[in-house]
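In what follows, a structure is listed as structure tokens, so that the remarks can point back to it.
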Amino acid sequence: MGTKVIDLKNFFVCIYKTFFFFDVAVIILHFLPVLTKGSAARIAFFTEGRSLLVLAILTLIFYLLAERRQLPFFPWKPKWRSLLAGFACGALPLLLTCAILKVLHRLSFGTRQSFGQIFLWMAALLLNATVTELLLHGYLFRLYRKFCNFAVTAILLSVLYLSLHATLFSESRICLLNGLLFNLLLCLLVEYTGSLYPSILAGFSYRLAGSLLLGTIDFVGNPTLFSIILSGKAWLSGGSDGLEGSAVLLLLNALLCGYFIVKLLKRNPIKIPPRFLKWLPRRLSR
């Protein structure tokens, strides 16, 4: 996970670049034209598409001008195993939570709903996931990893994640922790695979299962195929917060994060300073 903790000489420069990157993106998106005519699916697709275009151009500008091509970027060619791992990491915790709550009689399905333009809705969700990942785990992830270790990078990106999802503070604590754990999982995927594609697919499958299939999470205002009814104690089923408020999902996310942390530690073991090894026995013997 890296031996350096933080390079203070460049850390505040990174913070400045982060605010500038965010502010420029928000200002440009504010003044871009908004599609108001057409179906809801077309409007969502257009909105997410323009956001992706702005972030892609900004990332290229910052990479060429601010970093002068000195920042290592992600490889373009994806590995199929990492793509499958990313897709599974996004959808499986939600689907397993759904199955466990169904067995415990804390979840029931309503009537199946049908709607048109499903593939356009799926494309809008894919664009939404790509925008979020490009913003959090693209340029900024590489920027912080150049000067900080993984732990510091994950903490900083979690703060940015909370700033983008401020509504989590109005939800339950379990819902907030699930959001933070999912962001940590995406950071771990990027760190472990060395690619941005798995985290994009994880975000997409998470939206596909939680928003389009089960309808417990809303990202682009899309309709849902199934309506679910949660009952019992809110900490177990999620209650009004949906599956994201369930302790079952929290446990599964924690286990998944723990798995990747162990894999990363096996790849790059933490080196304990010799001074600490000499100091600790003396300290304990007092």
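Ligands are numbered from 1 in the order shown, residues from 1 within each chain, and chains are lettered A, B, ... in the order they appear in the structure tokens.
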
Contacts of Pro75 of chain A at 12 Å (only C-alpha atoms; same-chain gap of 4+ positions) as an MDAnalysis selection string: chainID A and resid 79 138 190 193:197

Write out as a Markdown table the residues of segment 62-132 of chain A that have any atom within 8 Å of an atom of segment 239-243 of chain A, one row each with the nearest atom pair and its distance in Å to one decimal, counting only C-alpha atoms, sorted by chain and then rising number.
```
| residue | atom | partner | partner_atom | distance |
| --- | --- | --- | --- | --- |
| A:Leu94 | CA | A:Leu243 | CA | 7.3 |
| A:Thr97 | CA | A:Leu243 | CA | 7.5 |
| A:Cys98 | CA | A:Leu243 | CA | 7.7 |
```

The selected residues should be written to file as a short mmCIF file (atom, residue, chain, number, x, y, z; two decimals), in the first residue's frame (atoms: N, CA and C atoms).
```cif
data_model
loop_
_atom_site.label_atom_id
_atom_site.label_comp_id
_atom_site.auth_asym_id
_atom_site.auth_seq_id
_atom_site.Cartn_x
_atom_site.Cartn_y
_atom_site.Cartn_z
N LEU A 94 -25.45 -6.16 -2.57
CA LEU A 94 -26.86 -5.78 -2.56
C LEU A 94 -27.77 -6.98 -2.78
N THR A 97 -27.71 -9.26 0.25
CA THR A 97 -28.51 -8.65 1.31
C THR A 97 -29.99 -8.87 1.07
N CYS A 98 -30.39 -8.70 -0.18
CA CYS A 98 -31.79 -8.92 -0.56
C CYS A 98 -32.20 -10.37 -0.28
#
```

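Nearest to Leu201 of chain A of all the residues A:Leu156, A:Ile61, A:Cys148, A:Leu186 is A:Leu186, counting only C-alpha atoms.
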
Residue contacts of Arg81 of chain A (12 Å, only C-alpha atoms) excluding same-chain residues fewer than 3 positions away, as number ranges by chain: A: 78, 84-88, 193, 195, 197-198

Store the residues picked out above in a file with C-alpha atoms, as a tab-separated table (two decimals), in the first residue's frame.
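result_0.tsv, freshly written:
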```
chain	number	residue	atom	x	y	z
A	78	PRO	CA	-8.49	-3.64	-19.23
A	84	LEU	CA	-15.61	-9.27	-13.66
A	85	ALA	CA	-14.38	-8.65	-10.11
A	86	GLY	CA	-15.49	-5.02	-10.32
A	87	PHE	CA	-18.94	-5.90	-11.63
A	88	ALA	CA	-19.41	-8.54	-8.92
A	193	THR	CA	-6.24	-3.70	-10.06
A	195	SER	CA	-7.22	0.34	-13.39
A	197	TYR	CA	-12.49	0.21	-15.29
A	198	PRO	CA	-13.29	-2.19	-12.39
```

DSSP alpha helix (DSSP H) residues within segment 61-222 of chain A, as a ChimeraX atom specification: /A:61,80-103,118-136,139-147,150-164,173-193,197-207

Selected residue of minimal separation from Ser158 of chain A among A:Leu101, A:Ser172, A:Gly38, A:Asn183, counting only C-alpha atoms: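 Looking at the shortest contact to Ser158 of chain A, the residue is A:Asn183.
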
May I have a table of the residues of segment 50-133 of chain A lying at most 9 Å from segment 6-29 of chain A, giving each one's closest pair of atoms and their distance in Å to one decimal, counting only C-alpha atoms, ordered by chain and ascending residue number, as a Markdown table?
```
| residue | atom | partner | partner_atom | distance |
| --- | --- | --- | --- | --- |
| A:Arg50 | CA | A:Leu29 | CA | 7.9 |
| A:Ser51 | CA | A:Leu29 | CA | 6.8 |
| A:Val54 | CA | A:Ala25 | CA | 6.8 |
| A:Leu55 | CA | A:Ala25 | CA | 6.8 |
| A:Leu58 | CA | A:Ala25 | CA | 7.5 |
| A:Thr59 | CA | A:Phe21 | CA | 8.5 |
| A:Phe62 | CA | A:Phe21 | CA | 8.2 |
| A:Ala66 | CA | A:Lys17 | CA | 8.6 |
```
